[in-house]
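A.B. asks: Before I ask anything, let me first share the structure, which is written out below as C-alpha coordinates.
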Amino acid sequence: MELLGGYEFNEYMTEEFGVEGRDYVTDATSYNAVQAGAQIVKEGTFSFKEKSRLVSFFTRLNYSYQNKYYLTGVLRYDGSSRFGEGNKWALFPAISGAWRLSAEPFMQGLDWLTDLRLKIGYGVTGSQEIGNYLSLAQLGARQDLQAVFNQTAYTALRRLTMRIRI
(Lines give C-alpha, C1' and ligand atoms only; values in the text may rest on other atoms or scores of the structure.)
Protein backbone atom coordinates (compact mmCIF):
# COMPACT_ATOMS: atom_id res chain seq x y z
CA MET A 1 0.00 0.00 0.00
CA GLU A 2 1.26 3.48 -0.87
CA LEU A 3 -0.13 6.79 0.35
CA LEU A 4 0.79 10.15 -1.12
CA GLY A 5 -0.36 13.59 -0.04
CA GLY A 6 0.50 17.05 -1.25
CA TYR A 7 -0.25 20.72 -1.48
CA GLU A 8 0.04 23.03 -4.47
CA PHE A 9 -0.13 26.84 -4.66
CA ASN A 10 -0.12 28.80 -7.93
CA GLU A 11 -0.46 32.55 -8.36
CA TYR A 12 -0.69 34.13 -11.78
CA MET A 13 -0.40 37.84 -12.53
CA THR A 14 -0.52 39.73 -15.80
CA GLU A 15 0.10 43.46 -16.17
CA GLU A 16 -0.01 45.35 -19.44
CA PHE A 17 0.22 48.93 -20.54
CA GLY A 18 0.01 50.31 -24.04
CA VAL A 19 0.16 53.74 -25.62
CA GLU A 20 0.46 54.82 -29.23
CA GLY A 21 2.45 57.80 -30.44
CA ARG A 22 2.83 59.18 -33.95
CA ASP A 23 5.02 61.51 -36.00
CA TYR A 24 8.43 60.88 -34.42
CA VAL A 25 11.45 62.76 -35.66
CA THR A 26 13.66 59.74 -34.97
CA ASP A 27 13.26 56.13 -33.91
CA ALA A 28 16.54 56.16 -31.96
CA THR A 29 14.75 56.08 -28.58
CA SER A 30 12.44 53.23 -29.59
CA TYR A 31 9.55 52.86 -27.11
CA ASN A 32 11.51 54.50 -24.28
CA ALA A 33 10.32 58.01 -25.15
CA VAL A 34 6.70 57.76 -26.26
CA GLN A 35 6.20 61.40 -25.30
CA ALA A 36 8.65 62.43 -28.07
CA GLY A 37 5.96 61.84 -30.67
CA ALA A 38 4.10 64.85 -32.02
CA GLN A 39 0.80 63.09 -31.32
CA ILE A 40 -0.24 60.67 -28.58
CA VAL A 41 -3.24 58.63 -29.72
CA LYS A 42 -5.66 58.47 -26.81
CA GLU A 43 -7.79 55.70 -28.34
CA GLY A 44 -4.82 53.34 -28.30
CA THR A 45 -3.96 53.82 -24.62
CA PHE A 46 -4.77 50.99 -22.23
CA SER A 47 -3.61 49.36 -19.03
CA PHE A 48 -4.75 46.44 -16.91
CA LYS A 49 -3.70 44.03 -14.20
CA GLU A 50 -5.13 40.57 -13.58
CA LYS A 51 -4.36 38.14 -10.79
CA SER A 52 -5.65 34.67 -10.02
CA ARG A 53 -4.81 31.91 -7.55
CA LEU A 54 -5.21 28.15 -7.55
CA VAL A 55 -4.69 26.23 -4.30
CA SER A 56 -4.92 22.43 -4.16
CA PHE A 57 -4.74 19.69 -1.56
CA PHE A 58 -4.47 16.16 -2.90
CA THR A 59 -4.00 12.59 -1.81
CA ARG A 60 -3.61 9.27 -3.59
CA LEU A 61 -3.85 5.74 -2.21
CA ASN A 62 -2.48 2.77 -4.21
CA TYR A 63 -3.25 -0.77 -3.13
CA SER A 64 -1.93 -3.95 -4.75
CA TYR A 65 -3.04 -7.52 -4.00
CA GLN A 66 -0.72 -10.36 -5.08
CA ASN A 67 0.85 -8.02 -7.65
CA LYS A 68 -2.16 -8.81 -9.87
CA TYR A 69 -5.04 -6.66 -8.66
CA TYR A 70 -4.71 -2.90 -8.19
CA LEU A 71 -6.93 -0.25 -6.70
CA THR A 72 -6.20 3.50 -6.76
CA GLY A 73 -8.19 6.27 -5.11
CA VAL A 74 -7.52 9.98 -5.55
CA LEU A 75 -9.01 13.03 -3.84
CA ARG A 76 -8.20 16.55 -4.99
CA TYR A 77 -9.65 19.62 -3.30
CA ASP A 78 -9.13 22.77 -5.40
CA GLY A 79 -9.79 26.39 -4.56
CA SER A 80 -9.69 29.02 -7.29
CA SER A 81 -10.20 32.77 -7.25
CA ARG A 82 -11.91 32.34 -10.63
CA PHE A 83 -14.75 30.26 -9.21
CA GLY A 84 -18.00 32.06 -8.35
CA GLU A 85 -18.95 33.36 -4.91
CA GLY A 86 -20.03 30.50 -2.66
CA ASN A 87 -18.28 28.01 -4.97
CA LYS A 88 -14.61 28.85 -4.48
CA TRP A 89 -13.71 25.26 -3.54
CA ALA A 90 -14.55 21.96 -5.22
CA LEU A 91 -13.74 18.29 -4.59
CA PHE A 92 -12.57 16.12 -7.49
CA PRO A 93 -12.51 12.39 -6.61
CA ALA A 94 -11.29 9.54 -8.82
CA ILE A 95 -11.07 5.78 -8.49
CA SER A 96 -9.57 3.10 -10.72
CA GLY A 97 -8.97 -0.62 -10.67
CA ALA A 98 -6.69 -2.84 -12.72
CA TRP A 99 -6.20 -6.53 -13.32
CA ARG A 100 -2.76 -7.64 -14.44
CA LEU A 101 -3.67 -10.38 -16.90
CA SER A 102 -0.05 -11.18 -17.71
CA ALA A 103 0.48 -12.41 -14.10
CA GLU A 104 -2.23 -15.07 -14.46
CA PRO A 105 -1.21 -18.70 -15.08
CA PHE A 106 -3.20 -18.90 -18.33
CA MET A 107 -1.04 -16.08 -19.78
CA GLN A 108 2.32 -17.74 -18.99
CA GLY A 109 4.45 -18.88 -21.91
CA LEU A 110 3.61 -15.97 -24.22
CA ASP A 111 7.11 -14.68 -24.96
CA TRP A 112 5.88 -11.83 -27.15
CA LEU A 113 3.80 -10.37 -24.26
CA THR A 114 5.57 -8.91 -21.22
CA ASP A 115 2.82 -7.01 -19.42
CA LEU A 116 -0.93 -6.82 -20.08
CA ARG A 117 -3.41 -5.04 -17.81
CA LEU A 118 -7.10 -4.37 -17.97
CA LYS A 119 -7.93 -1.09 -16.29
CA ILE A 120 -11.12 0.85 -15.58
CA GLY A 121 -11.50 4.17 -13.87
CA TYR A 122 -13.87 6.98 -13.07
CA GLY A 123 -13.16 10.53 -12.00
CA VAL A 124 -14.64 13.98 -11.72
CA THR A 125 -12.83 16.79 -13.53
CA GLY A 126 -13.22 20.53 -13.48
CA SER A 127 -11.89 23.61 -15.16
CA GLN A 128 -10.99 27.04 -13.89
CA GLU A 129 -10.47 28.40 -17.41
CA ILE A 130 -13.39 30.80 -17.17
CA GLY A 131 -11.48 34.08 -17.07
CA ASN A 132 -10.64 36.33 -14.16
CA TYR A 133 -13.30 38.31 -12.31
CA LEU A 134 -16.25 37.05 -14.36
CA SER A 135 -18.22 36.27 -11.20
CA LEU A 136 -17.72 39.82 -9.89
CA ALA A 137 -19.19 43.18 -10.85
CA GLN A 138 -16.45 45.14 -12.63
CA LEU A 139 -15.88 48.85 -13.02
CA GLY A 140 -13.95 50.44 -15.85
CA ALA A 141 -13.14 53.79 -17.42
CA ARG A 142 -14.61 54.66 -20.78
CA GLN A 143 -13.69 57.50 -23.08
CA ASP A 144 -17.30 58.51 -23.64
CA LEU A 145 -17.57 59.18 -19.88
CA GLN A 146 -14.94 61.91 -19.79
CA ALA A 147 -15.51 65.59 -19.16
CA VAL A 148 -13.47 68.72 -18.42
CA PHE A 149 -14.49 71.15 -15.68
CA ASN A 150 -12.37 74.22 -14.85
CA GLN A 151 -9.51 72.88 -17.00
CA THR A 152 -9.43 69.57 -15.09
CA ALA A 153 -10.20 66.30 -16.82
CA TYR A 154 -12.49 63.82 -15.08
CA THR A 155 -13.17 60.23 -16.09
CA ALA A 156 -16.19 58.39 -14.73
CA LEU A 157 -16.29 54.71 -13.92
CA ARG A 158 -19.19 52.49 -14.82
CA ARG A 159 -20.07 48.83 -14.65
CA LEU A 160 -18.53 46.87 -17.49
CA THR A 161 -20.59 44.43 -19.51
CA MET A 162 -19.87 40.88 -18.48
CA ARG A 163 -18.64 38.78 -21.39
CA ILE A 164 -18.69 35.03 -21.03
CA ARG A 165 -16.69 33.20 -23.68
CA ILE A 166 -17.55 29.61 -24.44
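Letters for chains follow the order of the C-alpha coordinates (A, B, ...), residue numbers begin at 1 for each chain, and ligand numbers begin at 1 in the order shown.
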Got a sec: who's within 8 Å of Glu50 (chain A), counting only C-alpha atoms, leaving out chain neighbours fewer than 2 positions off, as a list in words?
C.D. replies: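 Using only C-alpha atoms, the neighbours found are Met13, Thr14, Glu15, Phe48, Ser52 and Asn132 of chain A.
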A.B. asks: Determine, counting only C-alpha atoms, which protein, DNA and RNA residues have an atom within 8 Å of an atom of Phe17 (chain A); residues of the same chain fewer than 5 positions away are not included. Present the result as a list of chain:residue names.
C.D. replies: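 Final neighbour list, sorted by chain and number: A:Thr45, A:Phe46, A:Ser47, A:Phe48.
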A.B. asks: Please dump the current selection as a short mmCIF file (atom, residue, chain, number, x, y, z; two decimals), in the first residue's frame; keep N, CA, C and O atoms.
C.D. replies:
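Generated output (result37.cif):
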data_model
loop_
_atom_site.label_atom_id
_atom_site.label_comp_id
_atom_site.auth_asym_id
_atom_site.auth_seq_id
_atom_site.Cartn_x
_atom_site.Cartn_y
_atom_site.Cartn_z
N THR A 45 -4.53 53.95 -25.96
CA THR A 45 -3.96 53.82 -24.62
C THR A 45 -4.78 52.84 -23.78
O THR A 45 -5.99 52.89 -23.76
N PHE A 46 -4.08 51.95 -23.10
CA PHE A 46 -4.77 50.99 -22.23
C PHE A 46 -3.81 50.54 -21.14
O PHE A 46 -2.60 50.67 -21.25
N SER A 47 -4.39 50.01 -20.08
CA SER A 47 -3.61 49.36 -19.03
C SER A 47 -4.54 48.42 -18.27
O SER A 47 -5.73 48.67 -18.17
N PHE A 48 -3.97 47.35 -17.75
CA PHE A 48 -4.75 46.44 -16.91
C PHE A 48 -3.83 45.55 -16.10
O PHE A 48 -2.65 45.40 -16.39
#
A.B. asks: Skip Val34 (chain A) itself and residues of its chain fewer than 6 positions away, then list as a VMD selection string all residues within 9 Å of it, counting only C-alpha atoms.
C.D. replies: chain A and resid 19 to 22 24 40
A.B. asks: Within 8 Å of Asn10 (chain A), counting only C-alpha atoms, which residues show up once you throw out same-chain ones fewer than 6 positions away? Write them as a list in words, please.
C.D. replies: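 Counting only the stated atoms, we get Arg53, Leu54 and Val55 of chain A.
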A.B. asks: Calculated over only C-alpha atoms, which of the candidates A:Thr72, A:Glu43, A:Pro105, A:Ser135 has the smallest distance to Asn87 (chain A)?
C.D. replies: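 Nearest to Asn87 (chain A): A:Ser135.
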A.B. asks: Hey, which of A:Trp89, A:Tyr77, A:Ser102, A:Leu71 ends up closest to Lys119 (chain A)? Count only C-alpha atoms.
C.D. replies: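 For Lys119 (chain A), the nearest of the candidates is A:Leu71.
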A.B. asks: Env of Glu2 (chain A): 12 Å cut, atoms = only C-alpha atoms, seq-sep filter 5 positions within chain, self excluded. Answer as a short mmCIF file (atom, residue, chain, number, x, y, z; two decimals) with all heavy atoms, in the first residue's frame.
C.D. replies:
data_model
loop_
_atom_site.label_atom_id
_atom_site.label_comp_id
_atom_site.auth_asym_id
_atom_site.auth_seq_id
_atom_site.Cartn_x
_atom_site.Cartn_y
_atom_site.Cartn_z
N THR A 59 -4.49 13.84 -2.38
CA THR A 59 -4.00 12.59 -1.81
C THR A 59 -4.30 11.45 -2.78
O THR A 59 -5.27 11.51 -3.54
CB THR A 59 -4.63 12.31 -0.43
OG1 THR A 59 -4.02 11.16 0.14
CG2 THR A 59 -6.12 12.08 -0.53
N ARG A 60 -3.43 10.45 -2.75
CA ARG A 60 -3.61 9.27 -3.59
C ARG A 60 -3.25 8.03 -2.77
O ARG A 60 -2.24 8.01 -2.08
CB ARG A 60 -2.73 9.34 -4.83
CG ARG A 60 -2.93 8.12 -5.75
CD ARG A 60 -2.03 8.16 -6.95
NE ARG A 60 -0.65 7.96 -6.53
CZ ARG A 60 0.41 8.34 -7.23
NH1 ARG A 60 0.25 8.98 -8.35
NH2 ARG A 60 1.63 8.11 -6.78
N LEU A 61 -4.09 7.01 -2.88
CA LEU A 61 -3.85 5.74 -2.21
C LEU A 61 -3.78 4.65 -3.28
O LEU A 61 -4.70 4.50 -4.08
CB LEU A 61 -4.97 5.43 -1.22
CG LEU A 61 -4.89 4.08 -0.51
CD1 LEU A 61 -3.68 4.06 0.43
CD2 LEU A 61 -6.17 3.81 0.25
N ASN A 62 -2.66 3.92 -3.30
CA ASN A 62 -2.48 2.77 -4.21
C ASN A 62 -2.46 1.50 -3.38
O ASN A 62 -1.74 1.42 -2.38
CB ASN A 62 -1.15 2.87 -4.97
CG ASN A 62 -1.17 3.95 -6.03
OD1 ASN A 62 -2.19 4.22 -6.62
ND2 ASN A 62 -0.03 4.56 -6.26
N TYR A 63 -3.22 0.51 -3.81
CA TYR A 63 -3.25 -0.77 -3.13
C TYR A 63 -3.06 -1.87 -4.16
O TYR A 63 -3.67 -1.86 -5.24
CB TYR A 63 -4.59 -0.97 -2.40
CG TYR A 63 -4.72 -2.32 -1.75
CD1 TYR A 63 -4.00 -2.64 -0.60
CD2 TYR A 63 -5.54 -3.29 -2.31
CE1 TYR A 63 -4.11 -3.89 -0.02
CE2 TYR A 63 -5.67 -4.54 -1.73
CZ TYR A 63 -4.94 -4.84 -0.59
OH TYR A 63 -5.05 -6.07 -0.01
N SER A 64 -2.20 -2.83 -3.85
CA SER A 64 -1.93 -3.95 -4.75
C SER A 64 -2.13 -5.25 -3.97
O SER A 64 -1.63 -5.41 -2.85
CB SER A 64 -0.49 -3.87 -5.26
OG SER A 64 -0.15 -5.05 -5.95
N TYR A 70 -5.10 -4.24 -8.64
CA TYR A 70 -4.71 -2.90 -8.19
C TYR A 70 -5.94 -2.03 -8.00
O TYR A 70 -6.89 -2.09 -8.78
CB TYR A 70 -3.79 -2.24 -9.22
CG TYR A 70 -2.55 -3.04 -9.51
CD1 TYR A 70 -2.53 -3.98 -10.54
CD2 TYR A 70 -1.40 -2.85 -8.77
CE1 TYR A 70 -1.40 -4.71 -10.82
CE2 TYR A 70 -0.25 -3.58 -9.04
CZ TYR A 70 -0.26 -4.51 -10.07
OH TYR A 70 0.86 -5.23 -10.33
N LEU A 71 -5.88 -1.22 -6.97
CA LEU A 71 -6.93 -0.25 -6.70
C LEU A 71 -6.27 1.09 -6.37
O LEU A 71 -5.33 1.14 -5.56
CB LEU A 71 -7.80 -0.72 -5.53
CG LEU A 71 -8.99 0.16 -5.17
CD1 LEU A 71 -10.01 0.19 -6.32
CD2 LEU A 71 -9.65 -0.32 -3.89
N THR A 72 -6.73 2.15 -6.99
CA THR A 72 -6.20 3.50 -6.76
C THR A 72 -7.35 4.45 -6.48
O THR A 72 -8.34 4.46 -7.22
CB THR A 72 -5.40 4.01 -7.97
OG1 THR A 72 -4.31 3.13 -8.22
CG2 THR A 72 -4.86 5.41 -7.73
N GLY A 73 -7.22 5.23 -5.44
CA GLY A 73 -8.19 6.27 -5.11
C GLY A 73 -7.49 7.62 -5.00
O GLY A 73 -6.39 7.70 -4.45
N VAL A 74 -8.11 8.64 -5.55
CA VAL A 74 -7.52 9.98 -5.55
C VAL A 74 -8.58 10.97 -5.08
O VAL A 74 -9.74 10.91 -5.51
CB VAL A 74 -7.03 10.38 -6.97
CG1 VAL A 74 -6.52 11.81 -6.99
CG2 VAL A 74 -5.97 9.42 -7.46
#
A.B. asks: So, counting only C-alpha atoms, which residue among A:Val148, A:Leu91, A:Met1, A:Leu116 is closest to Gln66 (chain A)?
C.D. replies: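 Smallest separation from Gln66 (chain A) among the options: A:Met1.
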A.B. asks: Where in chain A does DSSP assign strand (DSSP E), given as a PyMOL selection string?
C.D. replies: chain A and resi 2-22+39-65+69-80+89-100+117-123+139-149+152-159
